[in-house]
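A.B. asks: Got a file for you: start.txt, compact mmCIF, C-alpha atoms.
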```txt
# COMPACT_ATOMS: atom_id res chain seq x y z
CA MET A 13 -376.87 -46.13 205.46
CA SER A 14 -375.75 -42.57 204.93
CA MET A 15 -372.01 -41.98 205.08
CA GLU A 16 -372.62 -38.37 206.07
CA THR A 17 -372.40 -38.77 209.82
CA SER A 18 -371.61 -35.74 211.92
CA GLN A 19 -367.97 -36.78 211.98
CA TRP A 20 -367.93 -37.12 208.18
CA LEU A 21 -369.31 -33.61 207.72
CA ASN A 22 -366.78 -32.22 210.19
CA THR A 23 -363.85 -33.76 208.32
CA ASN A 24 -364.93 -33.97 204.67
CA THR A 25 -366.54 -30.56 204.19
CA LEU A 26 -364.79 -27.20 204.46
CA ILE A 27 -366.90 -24.18 205.46
CA GLY A 28 -365.66 -20.66 204.87
CA MET A 29 -366.82 -17.09 205.55
CA THR A 30 -368.04 -17.90 209.06
CA ALA A 31 -367.37 -14.28 210.05
CA GLU A 32 -370.20 -13.36 207.68
CA ARG A 33 -372.72 -16.14 208.31
CA GLY A 34 -371.61 -18.08 211.38
CA LYS A 35 -370.80 -21.76 211.74
CA ALA A 36 -372.52 -24.56 209.85
CA TRP A 37 -375.26 -26.49 211.60
CA HIS A 38 -373.08 -29.60 211.79
CA TYR A 39 -370.18 -27.89 213.61
CA ARG A 40 -368.67 -30.14 216.29
CA ALA A 41 -365.18 -29.13 217.39
CA GLU A 42 -364.59 -32.46 219.10
CA GLU A 43 -365.15 -34.35 215.83
CA GLN A 44 -362.71 -32.35 213.71
CA GLY A 45 -359.45 -33.80 214.97
CA GLN A 46 -356.43 -31.50 215.02
CA GLU A 47 -357.68 -29.20 212.26
CA THR A 48 -360.96 -27.30 212.14
CA ASN A 49 -363.07 -27.45 209.00
CA HIS A 50 -364.33 -23.88 209.52
CA TYR A 51 -362.64 -20.72 208.23
CA THR A 52 -363.47 -17.13 209.10
CA GLY A 53 -362.60 -16.08 205.53
CA PHE A 54 -362.35 -17.93 202.26
CA VAL A 55 -361.27 -21.57 202.24
CA PRO A 56 -357.73 -21.71 200.78
CA VAL A 57 -357.50 -23.57 197.48
CA ALA A 58 -354.52 -25.50 198.81
CA ASP A 59 -356.61 -26.80 201.71
CA VAL A 60 -359.32 -28.06 199.37
CA VAL A 61 -356.70 -29.97 197.40
CA ARG A 62 -354.91 -31.27 200.49
CA ARG A 63 -357.94 -32.19 202.60
CA LEU A 64 -360.57 -33.19 200.03
CA PHE A 65 -359.15 -33.71 196.55
CA ASP A 66 -355.85 -35.42 197.35
CA TRP A 67 -356.90 -38.45 195.32
CA ASP A 68 -358.06 -39.17 191.80
CA ALA A 69 -360.66 -41.77 190.89
CA GLN A 70 -359.20 -44.69 188.97
CA ASN A 71 -360.40 -47.00 186.20
CA THR A 72 -359.83 -50.70 185.69
CA LYS A 73 -361.29 -53.01 183.08
CA LEU A 74 -364.32 -54.98 184.22
CA ARG A 75 -363.45 -58.55 185.14
CA ILE A 76 -366.23 -61.16 185.04
CA GLN A 77 -366.26 -64.76 186.22
CA VAL A 78 -368.18 -67.21 184.05
CA PRO A 79 -368.65 -71.01 184.28
CA ALA A 80 -365.80 -72.96 182.70
CA ASP A 81 -364.95 -76.52 181.65
CA ASN A 82 -362.33 -78.85 183.13
CA ASP A 83 -359.62 -77.74 180.71
CA ASN A 84 -360.14 -73.98 180.94
CA PHE A 85 -360.77 -72.65 184.42
CA THR A 86 -358.99 -70.28 186.80
CA THR A 87 -360.89 -70.57 190.10
CA ILE A 88 -363.36 -72.80 191.90
CA GLY A 89 -366.47 -71.21 193.36
CA ASP A 90 -367.84 -71.83 196.85
CA ASP A 91 -370.20 -74.46 195.46
CA GLY A 92 -367.40 -76.25 193.62
CA THR A 93 -368.25 -74.79 190.22
CA LEU A 94 -365.30 -74.27 187.89
CA MET A 95 -365.01 -70.59 186.93
CA ARG A 96 -363.01 -68.68 184.34
CA GLU A 97 -362.22 -64.97 184.54
CA ILE A 98 -362.59 -62.84 181.44
CA VAL A 99 -361.86 -59.14 180.96
CA ASP A 100 -364.50 -56.96 179.31
CA GLN A 101 -362.43 -54.45 177.33
CA THR A 102 -365.52 -52.34 176.56
CA ARG A 103 -366.41 -51.47 180.17
CA ASN A 104 -364.49 -49.62 182.88
CA VAL A 105 -364.92 -49.86 186.64
CA THR A 106 -364.39 -46.48 188.33
CA TYR A 107 -363.26 -46.76 191.95
CA HIS A 108 -361.71 -44.90 194.90
CA PRO A 109 -357.98 -45.71 195.01
CA VAL A 110 -357.76 -45.54 198.81
CA THR A 111 -360.99 -47.09 200.08
CA GLY A 112 -361.68 -49.33 197.11
CA GLN A 113 -365.27 -48.09 196.89
CA ILE A 114 -366.72 -48.81 193.44
CA PHE A 115 -368.50 -45.80 191.95
CA GLY A 116 -369.83 -47.36 188.75
CA VAL A 117 -369.24 -49.30 185.54
CA TYR A 118 -369.07 -47.24 182.34
CA LYS A 119 -368.40 -47.67 178.64
CA THR A 120 -366.28 -44.51 178.58
CA ASP A 121 -362.97 -44.23 180.38
CA SER A 122 -363.43 -40.48 180.85
CA ILE A 123 -363.32 -39.31 184.48
CA HIS A 124 -364.07 -35.78 185.65
CA GLN A 125 -361.46 -35.52 188.39
CA TYR A 126 -362.60 -33.13 191.10
CA SER A 127 -359.40 -31.07 191.32
CA GLU A 128 -359.53 -30.39 187.59
CA TRP A 129 -363.24 -29.89 187.02
CA LEU A 130 -364.26 -28.26 190.31
CA LEU A 131 -361.18 -26.10 190.89
CA ASP A 132 -359.11 -25.51 187.77
CA ASN A 133 -361.98 -25.37 185.29
CA LEU A 134 -364.21 -23.39 187.61
CA ALA A 135 -361.49 -20.78 187.98
CA HIS A 136 -361.24 -20.44 184.21
CA LEU A 137 -365.01 -20.08 183.97
CA VAL A 138 -365.28 -17.08 186.25
CA THR A 139 -362.27 -15.11 185.09
CA ALA A 140 -360.26 -14.91 181.92
CA ASP A 141 -356.90 -15.54 183.56
CA GLY A 142 -358.12 -18.36 185.80
CA LEU A 143 -357.11 -16.66 189.04
CA ALA A 144 -360.53 -15.86 190.54
CA VAL A 145 -360.15 -18.20 193.50
CA THR A 146 -357.00 -16.42 194.64
CA THR A 147 -358.22 -12.83 194.43
CA ASP A 148 -359.52 -10.73 197.30
CA SER A 149 -363.00 -10.28 195.78
CA LEU A 150 -364.01 -13.87 195.10
CA GLY A 151 -363.09 -17.10 196.84
CA ILE A 152 -364.18 -20.52 198.02
CA GLY A 153 -367.06 -20.31 200.47
CA SER A 154 -367.48 -24.06 200.90
CA ALA A 155 -366.38 -27.37 199.45
CA GLY A 156 -366.94 -30.98 200.29
CA VAL A 157 -367.26 -34.60 199.27
CA LEU A 158 -370.31 -36.78 199.94
CA ARG A 159 -371.15 -40.48 199.70
CA GLY A 160 -367.62 -41.67 200.23
CA GLY A 161 -366.30 -39.46 197.42
CA ALA A 162 -369.02 -40.30 194.90
CA GLN A 163 -370.13 -36.64 194.87
CA ALA A 164 -368.29 -33.37 195.42
CA TRP A 165 -368.83 -29.63 195.16
CA VAL A 166 -366.99 -26.31 195.35
CA GLN A 167 -368.79 -23.01 195.87
CA LEU A 168 -367.39 -19.58 195.06
CA GLU A 169 -368.75 -16.38 196.56
CA PRO A 170 -367.79 -12.74 197.15
CA HIS A 171 -366.85 -11.13 200.44
CA GLU A 172 -370.00 -9.03 200.53
CA THR A 173 -373.40 -9.94 201.92
CA PHE A 174 -376.01 -8.08 199.90
CA LYS A 175 -379.10 -6.61 201.53
CA THR A 176 -382.20 -5.42 199.73
CA PRO A 177 -384.24 -2.38 200.82
CA GLU A 178 -386.87 -4.91 201.95
CA GLY A 179 -384.46 -6.22 204.61
CA VAL A 180 -383.52 -9.48 202.90
CA ALA A 181 -379.82 -10.33 203.33
CA TYR A 182 -378.39 -12.81 200.85
CA ARG A 183 -375.14 -14.08 199.42
CA SER A 184 -374.66 -14.88 195.75
CA HIS A 185 -372.59 -17.89 194.80
CA ILE A 186 -371.34 -19.97 191.91
CA THR A 187 -371.42 -23.70 192.54
CA ALA A 188 -369.61 -26.44 190.66
CA TYR A 189 -370.48 -30.04 191.42
CA SER A 190 -369.75 -33.43 189.94
CA SER A 191 -369.96 -37.14 190.67
CA HIS A 192 -368.15 -40.36 189.96
CA ASP A 193 -371.29 -42.50 190.31
CA SER A 194 -373.32 -40.78 187.54
CA SER A 195 -375.78 -39.39 190.09
CA MET A 196 -375.04 -35.89 188.78
CA ALA A 197 -373.49 -34.50 185.63
CA THR A 198 -370.67 -32.02 186.13
CA THR A 199 -372.56 -28.75 186.50
CA TYR A 200 -371.73 -25.08 186.94
CA GLY A 201 -374.49 -22.82 188.19
CA ARG A 202 -375.31 -19.55 189.91
CA GLY A 203 -377.52 -19.23 192.97
CA ASN A 204 -378.29 -17.28 196.11
CA THR A 205 -378.57 -18.11 199.80
CA VAL A 206 -380.77 -16.13 202.20
CA VAL A 207 -378.49 -15.52 205.17
CA VAL A 208 -381.11 -15.40 207.91
CA CYS A 209 -381.95 -19.05 207.45
CA ASP A 210 -379.04 -20.29 205.32
CA ASN A 211 -381.51 -21.61 202.73
CA THR A 212 -380.65 -21.78 199.05
CA LEU A 213 -383.29 -20.36 196.76
CA SER A 214 -383.63 -20.28 193.00
CA LEU A 215 -385.62 -17.41 191.57
CA ALA A 216 -384.78 -18.09 187.95
CA ARG A 217 -388.37 -19.36 187.77
CA LYS A 218 -388.24 -21.20 184.44
CA ASP A 219 -385.79 -22.34 181.79
CA MET A 220 -382.62 -22.19 183.88
CA SER A 221 -380.48 -22.93 180.84
CA ARG A 222 -382.11 -20.07 178.94
CA THR A 223 -381.60 -17.59 181.76
CA GLY A 224 -377.94 -18.50 182.08
CA GLN A 225 -378.06 -20.03 185.54
CA GLN A 226 -376.71 -23.52 184.85
CA TYR A 227 -374.47 -25.42 182.44
CA LYS A 228 -373.93 -29.19 182.40
CA VAL A 229 -370.98 -31.17 181.01
CA ARG A 230 -371.68 -34.85 180.56
CA ARG A 231 -369.14 -37.55 181.37
CA SER A 232 -368.01 -38.71 177.95
CA ALA A 233 -365.00 -38.69 175.69
CA LYS A 234 -366.35 -35.49 174.17
CA SER A 235 -366.51 -33.67 177.52
CA MET A 236 -363.23 -31.87 177.04
CA SER A 237 -361.94 -28.79 178.79
CA THR A 238 -362.26 -26.89 175.51
CA LYS A 239 -366.01 -26.74 176.18
CA LEU A 240 -365.40 -24.40 179.09
CA LYS A 241 -365.30 -21.37 176.83
CA ASP A 242 -368.84 -22.17 175.69
CA ALA A 243 -369.87 -22.83 179.28
CA ARG A 244 -368.57 -19.45 180.39
CA GLN A 245 -370.51 -17.69 177.65
CA ALA A 246 -373.67 -19.67 178.42
CA LEU A 247 -373.56 -18.99 182.13
CA ASN A 248 -372.40 -15.38 182.11
CA LEU A 249 -370.95 -16.24 185.51
CA ILE A 250 -370.36 -12.83 187.03
CA ILE A 251 -371.21 -13.28 190.67
CA GLU A 252 -371.46 -9.56 191.38
CA SER A 253 -374.43 -9.31 189.00
CA SER A 254 -377.05 -9.95 191.67
CA ASP A 255 -379.48 -7.32 190.41
CA SER A 256 -381.94 -9.84 188.95
CA PHE A 257 -382.24 -11.67 192.28
CA ALA A 258 -382.76 -8.40 194.17
CA GLU A 259 -385.38 -7.31 191.64
CA GLU A 260 -387.27 -10.58 192.08
CA ILE A 261 -387.18 -10.21 195.87
CA LYS A 262 -388.54 -6.68 195.51
CA ARG A 263 -391.32 -7.88 193.22
CA LEU A 264 -392.34 -10.65 195.62
CA CYS A 265 -392.16 -8.38 198.67
CA GLU A 266 -394.47 -5.91 196.95
CA MET A 267 -396.98 -8.60 196.00
CA PRO A 268 -399.65 -8.71 198.76
CA VAL A 269 -401.12 -11.99 199.98
CA THR A 270 -404.28 -11.75 202.06
CA GLU A 271 -405.21 -14.18 204.82
CA ARG A 272 -407.85 -15.67 202.54
CA GLN A 273 -405.26 -16.17 199.80
CA TRP A 274 -402.84 -17.74 202.29
CA GLN A 275 -405.49 -20.27 203.29
CA ALA A 276 -406.19 -20.98 199.62
CA PHE A 277 -402.47 -21.51 199.02
CA LEU A 278 -402.33 -24.02 201.89
CA GLY A 279 -405.15 -25.88 200.18
CA GLU A 280 -403.05 -26.13 197.03
CA ILE A 281 -399.69 -27.00 198.61
CA ALA A 282 -401.12 -29.46 201.16
CA PRO A 283 -404.53 -30.58 199.87
CA PHE A 284 -406.79 -32.66 202.11
CA PRO A 285 -407.77 -36.09 200.74
CA GLU A 286 -411.47 -36.96 200.80
CA GLU A 287 -411.06 -39.78 203.31
CA ASP A 288 -409.65 -39.65 206.81
CA GLY A 289 -406.37 -41.42 207.41
CA ARG A 290 -402.62 -40.97 207.44
CA ALA A 291 -402.54 -38.83 204.29
CA LYS A 292 -404.98 -36.36 205.83
CA THR A 293 -402.98 -36.24 209.07
CA LEU A 294 -399.80 -35.51 207.12
CA ALA A 295 -401.52 -32.70 205.23
CA GLU A 296 -402.79 -31.21 208.49
CA ASN A 297 -399.34 -31.36 210.04
CA ARG A 298 -397.77 -29.70 207.02
CA ARG A 299 -400.33 -26.89 207.09
CA GLU A 300 -399.76 -26.32 210.80
CA LYS A 301 -395.98 -26.15 210.42
CA LEU A 302 -396.17 -23.85 207.42
CA THR A 303 -398.57 -21.55 209.26
CA SER A 304 -396.35 -21.48 212.34
CA LEU A 305 -393.35 -20.50 210.22
CA TYR A 306 -395.37 -17.91 208.30
CA ARG A 307 -396.70 -16.16 211.39
CA ASN A 308 -394.16 -16.73 214.15
CA ASP A 309 -390.70 -17.62 212.83
CA ASN A 310 -388.28 -14.69 212.51
CA ARG A 311 -386.89 -16.21 209.30
CA VAL A 312 -390.30 -15.80 207.66
CA ALA A 313 -392.74 -13.72 209.74
CA PRO A 314 -391.25 -10.28 208.88
CA TRP A 315 -392.53 -10.82 205.33
CA ALA A 316 -395.87 -12.45 206.13
CA GLY A 317 -398.63 -11.05 203.96
CA THR A 318 -396.40 -11.02 200.87
CA ALA A 319 -395.44 -13.49 198.19
CA TRP A 320 -391.87 -13.45 199.53
CA GLY A 321 -393.16 -14.56 202.92
CA VAL A 322 -394.98 -17.47 201.29
CA LEU A 323 -391.83 -18.55 199.44
CA GLN A 324 -389.73 -18.22 202.60
CA ALA A 325 -392.24 -20.34 204.52
CA THR A 326 -392.18 -23.24 202.08
CA ASN A 327 -388.43 -23.07 201.51
CA THR A 328 -387.68 -22.98 205.24
CA TYR A 329 -390.12 -25.85 205.75
CA ASP A 330 -388.33 -27.90 203.08
CA HIS A 331 -384.95 -27.32 204.70
CA HIS A 332 -385.80 -27.67 208.39
CA GLU A 333 -389.23 -29.20 208.96
CA ALA A 334 -390.13 -31.61 206.17
CA SER A 335 -389.99 -35.31 207.00
CA ASN A 336 -386.81 -36.99 205.86
CA ARG A 337 -387.16 -40.57 204.63
CA SER A 338 -384.22 -40.46 202.25
CA GLY A 339 -381.87 -42.41 204.51
CA LEU A 340 -379.59 -39.34 204.51
CA THR A 341 -378.90 -36.89 207.26
CA ARG A 342 -380.93 -33.68 206.93
CA GLY A 343 -377.77 -31.76 206.10
CA GLU A 344 -376.86 -34.17 203.32
CA ARG A 345 -380.43 -34.16 202.06
CA ASN A 346 -380.48 -30.35 201.90
CA THR A 347 -377.14 -30.28 200.13
CA THR A 348 -378.09 -32.87 197.53
CA ARG A 349 -381.50 -31.23 196.95
CA ALA A 350 -379.74 -27.95 196.26
CA ILE A 351 -377.16 -29.32 193.87
CA ASP A 352 -379.42 -31.71 191.98
CA GLY A 353 -382.11 -29.07 191.43
CA ASP A 354 -384.89 -30.55 193.58
CA GLN A 355 -385.07 -27.48 195.81
CA ALA A 356 -385.27 -25.19 192.80
CA LYS A 357 -388.19 -27.28 191.52
CA SER A 358 -389.90 -26.99 194.90
CA ASP A 359 -389.49 -23.20 194.90
CA GLU A 360 -390.87 -23.05 191.39
CA LYS A 361 -393.88 -25.12 192.46
CA THR A 362 -394.55 -22.69 195.33
CA LEU A 363 -394.52 -19.70 193.02
CA ARG A 364 -396.64 -21.48 190.40
CA LEU A 365 -399.31 -22.43 192.95
CA LEU A 366 -399.24 -18.95 194.44
CA ASP A 367 -399.68 -17.42 191.00
CA LEU A 368 -402.71 -19.68 190.52
CA VAL A 369 -404.24 -18.63 193.82
CA LEU A 370 -403.66 -14.92 193.23
CA SER A 371 -405.03 -15.06 189.69
CA ASN A 372 -408.24 -16.73 190.93
CA SER A 373 -408.80 -14.28 193.79
```
Mind converting the file's structure to C-alpha cells?
C.D. replies:
Amino acid sequence: MSMETSQWLNTNTLIGMTAERGKAWHYRAEEQGQETNHYTGFVPVADVVRRLFDWDAQNTKLRIQVPADNDNFTTIGDDGTLMREIVDQTRNVTYHPVTGQIFGVYKTDSIHQYSEWLLDNLAHLVTADGLAVTTDSLGIGSAGVLRGGAQAWVQLEPHETFKTPEGVAYRSHITAYSSHDSSMATTYGRGNTVVVCDNTLSLARKDMSRTGQQYKVRRSAKSMSTKLKDARQALNLIIESSDSFAEEIKRLCEMPVTERQWQAFLGEIAPFPEEDGRAKTLAENRREKLTSLYRNDNRVAPWAGTAWGVLQATNTYDHHEASNRSGLTRGERNTTRAIDGDQAKSDEKTLRLLDLVLSNS
C-alpha cells in the first residue's frame, strides 16, 4: 500500500512559490494540522530541516538467528527449535530511528543523510560560497519525503517564470534527490516545468550526462563530499541558463505536424494489435484521450499542429490520464517518474516516434 495518502502529502511535502504557480493538486487545508505546507514564496531552509529532515537514518549490524544445539542457544522459536543469534559484521541494516522502518541491508556503512546531501551539498553545487538557498534570486521551490522516508528530494528554482515568444510559460529548476532504500542514487539534475499544466519535461533529448543535465553519486565509501566539485563542473548548474530549453521549444513550435502525420503518430504511440480484445480497447482509449487533449484541452490545444503540441499531449496524458497500476497515488507516481527518469524517457520516445513519422511523410 502506498504511504503517500493525501494526509501524508499535506504533512511531508513542502510546496513553495504558490504565488507564481498556485497550490499543489493535493492541497487539503484540513489535513495539514496547525501549519500549512504551502508557501507563497520560497520554502525556508530551516523549515525543511525542522519539518522533513529532523532525523538521520541509522545503521546497525545485521543480526541473524540460526539453529543451535542444546549447549549453545539464546532463544527458542515458536516451534520449539533452539536458536542462536549471530551478528554479521559485514552487513549493515539501515533504518528510520523514529518509526523503525527498515530501508535495506548493505555491505557499506555509508549513508547519504538528506540534510547533508540534499541541502548542504546542493547549496555548494549551485554557488561557490554555498549560500544559494538563502539568496533572493534562488531558493527552495519544493521538498518532500516519500515512502516513509525511503526517498526524498529538494528542488531549487528562481523567482522568475520564463515565457517564450510562442506563449509557453515554464520554470527552470535544479533537483536533488536521494534514497535510503537504494531505489535511487543520490542525483543532482536540471529540468523545467511547464506552468500551464505543472508537468515536468526533459528536452535534453539524448545523453543527459553528456549535455550536463544530471550527475549521480553512488552510495559507497568512496561517495565523499569532495566529489561535489566534479559534480558542479559536470552539471554546469546555472539555473538562469534556460536558453537551450527555450530554443528547443521554439524549434518544436515551428515544426508543423499535419492531421495525416498526427494520425500516423497515434499509430506509432498506440498501435492496434491484429486481434480484437483488451489490448485493442486500451489502444483505442489511449488514442481517444490523446486526441481530446490535442484538440480541446487548453494545456495542449493552443499548439496543436506542431511538434510541441504533440509532446504536450503525450506528457499531459502521462501525468493526468494514463492508467495507474503502480499501487501509488497519481501524485506519488508522477513525482517518482520525474525523479527516476521515466518521464524523461517517455518524452524522448515521443520525440523519437514523431521524428520517424515526419521523416517518412
A.B. asks: Please list as a CSV table (one decimal) with C-alpha atoms, keeping the file's coordinate frame every residue within 6 Å of Phe65 in chain A, counting only C-alpha atoms and excluding residues in the same chain fewer than 2 positions away.
C.D. replies:
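Listed below is the output, out.csv:
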```csv
chain,number,residue,atom,x,y,z
A,61,VAL,CA,-356.7,-30.0,197.4
A,67,TRP,CA,-356.9,-38.4,195.3
A,127,SER,CA,-359.4,-31.1,191.3
```
A.B. asks: Let me make sure I understand: among A:Asp121, A:Thr17, A:Glu296, A:Val157, which one has the smallest atom-to-atom distance to Arg63 in chain A if we use all atoms listed in the file?
C.D. replies: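 Comparing A:Asp121, A:Thr17, A:Glu296, A:Val157 against Arg63 in chain A, the winner is A:Val157.
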A.B. asks: So how far away is CA of Asp288 in chain A from CA of Leu370 in chain A, in Å?
C.D. replies: 28.8 Å
A.B. asks: May I ask which of the residues A:Thr72, A:Thr199, A:Thr326, A:Gln44 is the closest one to Lys361 in chain A, counting only C-alpha atoms?
C.D. replies: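 Residue with the minimum atom-to-atom distance to Lys361 in chain A: A:Thr326.
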A.B. asks: Taking only C-alpha atoms into account, name the residue in A:Met196, A:Ala282, A:Val269, A:Ala31 that is nearest to Thr318 in chain A.
C.D. replies: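 Among A:Met196, A:Ala282, A:Val269, A:Ala31, it is A:Val269 that comes nearest to Thr318 in chain A.
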A.B. asks: Skipping near chain neighbours, those fewer than 2 positions away, what residues fall within 12 Å of Ile27 in chain A using only C-alpha atoms, listed as a ChimeraX atom specification?
C.D. replies: /A:21-25,29-39,48-56,59-60,151-156,165-169
A.B. asks: Would you work out the distance separating CA of Arg202 in chain A from CA of Ser184 in chain A, expressed in Å to one decimal?
C.D. replies: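 These atoms are spaced 7.5 Å apart.
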A.B. asks: May I have the residues within 9 Å of Thr198 in chain A as a ChimeraX atom specification, using only C-alpha atoms and disregarding those fewer than 2 positions away in the same chain?
C.D. replies: /A:124,129-130,188-191,196,200,227-231
A.B. asks: Any chance you can output those residues with C-alpha atoms as a PDB file, keeping the file's coordinate frame?
C.D. replies:
```
ATOM      1  CA  HIS A 124    -364.070 -35.780 185.650  1.00  0.00           C
ATOM      2  CA  TRP A 129    -363.240 -29.890 187.020  1.00  0.00           C
ATOM      3  CA  LEU A 130    -364.260 -28.260 190.310  1.00  0.00           C
ATOM      4  CA  ALA A 188    -369.610 -26.440 190.660  1.00  0.00           C
ATOM      5  CA  TYR A 189    -370.480 -30.040 191.420  1.00  0.00           C
ATOM      6  CA  SER A 190    -369.750 -33.430 189.940  1.00  0.00           C
ATOM      7  CA  SER A 191    -369.960 -37.140 190.670  1.00  0.00           C
ATOM      8  CA  MET A 196    -375.040 -35.890 188.780  1.00  0.00           C
ATOM      9  CA  TYR A 200    -371.730 -25.080 186.940  1.00  0.00           C
ATOM     10  CA  TYR A 227    -374.470 -25.420 182.440  1.00  0.00           C
ATOM     11  CA  LYS A 228    -373.930 -29.190 182.400  1.00  0.00           C
ATOM     12  CA  VAL A 229    -370.980 -31.170 181.010  1.00  0.00           C
ATOM     13  CA  ARG A 230    -371.680 -34.850 180.560  1.00  0.00           C
ATOM     14  CA  ARG A 231    -369.140 -37.550 181.370  1.00  0.00           C
TER      15      ARG A 231
END
```
A.B. asks: Looking at all atoms listed in the file, which of A:Lys119, A:Arg75, A:Lys292, A:Arg364 is the one that sits closest to Asp100 in chain A?
C.D. replies: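 Comparing A:Lys119, A:Arg75, A:Lys292, A:Arg364 against Asp100 in chain A, the winner is A:Arg75.
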A.B. asks: Do a neighbour search on Leu305 in chain A at 10 Å with only C-alpha atoms, toss out local chain neighbours closer than 2 positions, and write the hits as a list in words.
C.D. replies: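 In the requested form, the answer reads Arg299, Glu300, Lys301, Leu302, Thr303, Arg307, Asn308, Asp309, Asn310, Arg311, Val312, Ala313, Ala316, Gly321, Val322, Gln324, Ala325, Thr326, Thr328, Tyr329 and Glu333 of chain A.
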A.B. asks: Output requested as a PDB file, in the frame of the given file - range 131-137 of chain A, filled out with all heavy atoms.
C.D. replies:
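Produced file part_25.pdb, reproduced below:
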```pdb
ATOM      1  N   LEU A 131    -362.088 -27.178 190.496  1.00  0.00           N
ATOM      2  CA  LEU A 131    -361.180 -26.100 190.890  1.00  0.00           C
ATOM      3  C   LEU A 131    -360.585 -25.416 189.664  1.00  0.00           C
ATOM      4  O   LEU A 131    -360.879 -24.251 189.411  1.00  0.00           O
ATOM      5  CB  LEU A 131    -360.062 -26.643 191.793  1.00  0.00           C
ATOM      6  CG  LEU A 131    -360.462 -27.004 193.223  1.00  0.00           C
ATOM      7  CD1 LEU A 131    -359.270 -27.607 193.958  1.00  0.00           C
ATOM      8  CD2 LEU A 131    -360.975 -25.788 193.991  1.00  0.00           C
ATOM      9  N   ASP A 132    -359.793 -26.136 188.901  1.00  0.00           N
ATOM     10  CA  ASP A 132    -359.110 -25.510 187.770  1.00  0.00           C
ATOM     11  C   ASP A 132    -360.096 -24.964 186.746  1.00  0.00           C
ATOM     12  O   ASP A 132    -360.009 -23.800 186.338  1.00  0.00           O
ATOM     13  CB  ASP A 132    -358.179 -26.534 187.092  1.00  0.00           C
ATOM     14  CG  ASP A 132    -357.095 -27.037 188.028  1.00  0.00           C
ATOM     15  OD1 ASP A 132    -356.861 -26.385 189.070  1.00  0.00           O
ATOM     16  OD2 ASP A 132    -356.501 -28.091 187.736  1.00  0.00           O
ATOM     17  N   ASN A 133    -361.036 -25.803 186.319  1.00  0.00           N
ATOM     18  CA  ASN A 133    -361.980 -25.370 185.290  1.00  0.00           C
ATOM     19  C   ASN A 133    -362.934 -24.305 185.785  1.00  0.00           C
ATOM     20  O   ASN A 133    -363.323 -23.399 185.043  1.00  0.00           O
ATOM     21  CB  ASN A 133    -362.749 -26.572 184.745  1.00  0.00           C
ATOM     22  CG  ASN A 133    -361.857 -27.504 183.944  1.00  0.00           C
ATOM     23  OD1 ASN A 133    -360.720 -27.171 183.629  1.00  0.00           O
ATOM     24  ND2 ASN A 133    -362.372 -28.684 183.621  1.00  0.00           N
ATOM     25  N   LEU A 134    -363.333 -24.413 187.046  1.00  0.00           N
ATOM     26  CA  LEU A 134    -364.210 -23.390 187.610  1.00  0.00           C
ATOM     27  C   LEU A 134    -363.512 -22.039 187.624  1.00  0.00           C
ATOM     28  O   LEU A 134    -364.115 -21.004 187.317  1.00  0.00           O
ATOM     29  CB  LEU A 134    -364.639 -23.786 189.021  1.00  0.00           C
ATOM     30  CG  LEU A 134    -365.511 -22.777 189.776  1.00  0.00           C
ATOM     31  CD1 LEU A 134    -366.819 -22.528 189.025  1.00  0.00           C
ATOM     32  CD2 LEU A 134    -365.809 -23.272 191.190  1.00  0.00           C
ATOM     33  N   ALA A 135    -362.238 -22.025 187.972  1.00  0.00           N
ATOM     34  CA  ALA A 135    -361.490 -20.780 187.980  1.00  0.00           C
ATOM     35  C   ALA A 135    -361.449 -20.150 186.600  1.00  0.00           C
ATOM     36  O   ALA A 135    -361.613 -18.936 186.443  1.00  0.00           O
ATOM     37  CB  ALA A 135    -360.069 -21.028 188.486  1.00  0.00           C
ATOM     38  N   HIS A 136    -361.271 -20.966 185.575  1.00  0.00           N
ATOM     39  CA  HIS A 136    -361.240 -20.440 184.210  1.00  0.00           C
ATOM     40  C   HIS A 136    -362.610 -19.968 183.754  1.00  0.00           C
ATOM     41  O   HIS A 136    -362.716 -19.103 182.888  1.00  0.00           O
ATOM     42  CB  HIS A 136    -360.693 -21.501 183.257  1.00  0.00           C
ATOM     43  CG  HIS A 136    -359.220 -21.728 183.392  1.00  0.00           C
ATOM     44  ND1 HIS A 136    -358.276 -20.789 183.036  1.00  0.00           N
ATOM     45  CD2 HIS A 136    -358.522 -22.779 183.890  1.00  0.00           C
ATOM     46  CE1 HIS A 136    -357.069 -21.250 183.285  1.00  0.00           C
ATOM     47  NE2 HIS A 136    -357.191 -22.463 183.803  1.00  0.00           N
ATOM     48  N   LEU A 137    -363.659 -20.516 184.333  1.00  0.00           N
ATOM     49  CA  LEU A 137    -365.010 -20.080 183.970  1.00  0.00           C
ATOM     50  C   LEU A 137    -365.295 -18.673 184.451  1.00  0.00           C
ATOM     51  O   LEU A 137    -365.935 -17.886 183.763  1.00  0.00           O
ATOM     52  CB  LEU A 137    -366.050 -21.027 184.576  1.00  0.00           C
ATOM     53  CG  LEU A 137    -366.445 -22.258 183.766  1.00  0.00           C
ATOM     54  CD1 LEU A 137    -367.422 -23.094 184.559  1.00  0.00           C
ATOM     55  CD2 LEU A 137    -367.046 -21.863 182.439  1.00  0.00           C
TER      56      LEU A 137
END
```
